[in-house]
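Structure first, commentary second.
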Amino acid sequence: MKSEPRSAYRLAIVAALATGLVLLWVIGAVGLIGVEGDPFDRSYGGVLAVGMIGALIARFRPRGLARAMIAAALAQALVAGIALIIGKQHSPVSSVVEILGLNGFFVVLWLVSARLFIRAARLRESAEARVSG
């Protein structure tokens with residue numbers, strides 16, 4: 001029983017790290033907005049920074065990590081919005097659908113990670129309640 005909250009937490013950590021690594025890989029391989037090497041792709045460093053700083057502020061506690069992943073999802077959506085506002089969809093290799101679709105994919109991944117952290121927090125709380133009560 002004690003390993004169930006730990007397993008849920010580990011799965012959430014894997015999901016968060018995998019999301020960040022896939023984001024870095026896509027940016028490095030082909031670029032997320034525009035062509036490979038487009039300076040705008042550096043904006044995604046802010047998304048990763050939000051997640052990492054949030055994790056540090058949360059002291060790696062599940063509920064706080066869930067909030068950090070939600071913040072990363074919002075930051076991801078913000079970058080996509082800024083890209084559209086400044087006209088990145090007019091690039092020959094980026095359309096509105098591509099910008100929204102790719103960024104939406106990462107928003108969903110961040111939110112899945114947040115959901116997993118919430119589940120880990122609930123499992124931990126119920127395990128603690130069983131032990132103390």
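In the structure tokens, chains take letters A, B, ... by order of appearance, with residues numbered from 1 within each chain and ligands from 1 in the order shown.
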Counting only C-alpha atoms, which residues of segment 8-83 of chain A fall within 7 Å of segment 109-129 of chain A, and what is the closest atom pair for each with its distance in Å at one decimal, ordered by chain and rising number, as a tab-separated table?
residue	atom	partner	partner_atom	distance
A:Ala8	CA	A:Ala120	CA	4.9
A:Tyr9	CA	A:Ala120	CA	5.0
A:Ala12	CA	A:Leu116	CA	5.0
A:Ala15	CA	A:Ser113	CA	5.4
A:Ala16	CA	A:Ser113	CA	5.4
A:Thr19	CA	A:Leu109	CA	6.2
A:Pro62	CA	A:Phe117	CA	5.0
A:Arg63	CA	A:Ile118	CA	5.8
A:Leu65	CA	A:Phe117	CA	6.5
A:Ala66	CA	A:Ala114	CA	4.1
A:Arg67	CA	A:Ala114	CA	6.9
A:Met69	CA	A:Ala114	CA	5.2
A:Ile70	CA	A:Leu111	CA	5.9
A:Ala72	CA	A:Trp110	CA	6.6
A:Ala73	CA	A:Trp110	CA	5.3
Subject >> Nearest residue to Leu17 of chain A from the set A:Gly31, A:Leu48, A:Gly37, A:Glu98 (distances using only C-alpha atoms) >> reply: A:Leu48
Subject >> Selection: 12 Å around Arg42 of chain A, only C-alpha atoms, excl. self and same-chain fewer than 3 positions, as a list in words >> reply: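 The residues satisfying every condition are Leu23, Leu24, Ile27, Gly28, Gly31, Leu32, Ile33, Gly34, Glu36, Gly37, Asp38, Pro39, Gly45, Gly46, Val47, Leu48, Ala49, Val79 and Ala83 of chain A.
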Subject >> Length of the atom CA of Met52 of chain A to atom CA of Ser95 of chain A vector [Å] >> reply: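 That distance, rounded to one decimal, is 29.6 Å.
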**OP:** Identify all residues of segment 1-124 of chain A in helix (DSSP H, G or I) (DSSP on the backbone) and supply them as number ranges by chain.
**Re:** A: 3-29, 39-57, 62-85, 88-90, 96-124
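Closest approach to Val108 of chain A among A:Pro92, A:Ala77, A:Val14, A:Pro5: A:Ala77, based on only C-alpha atoms.
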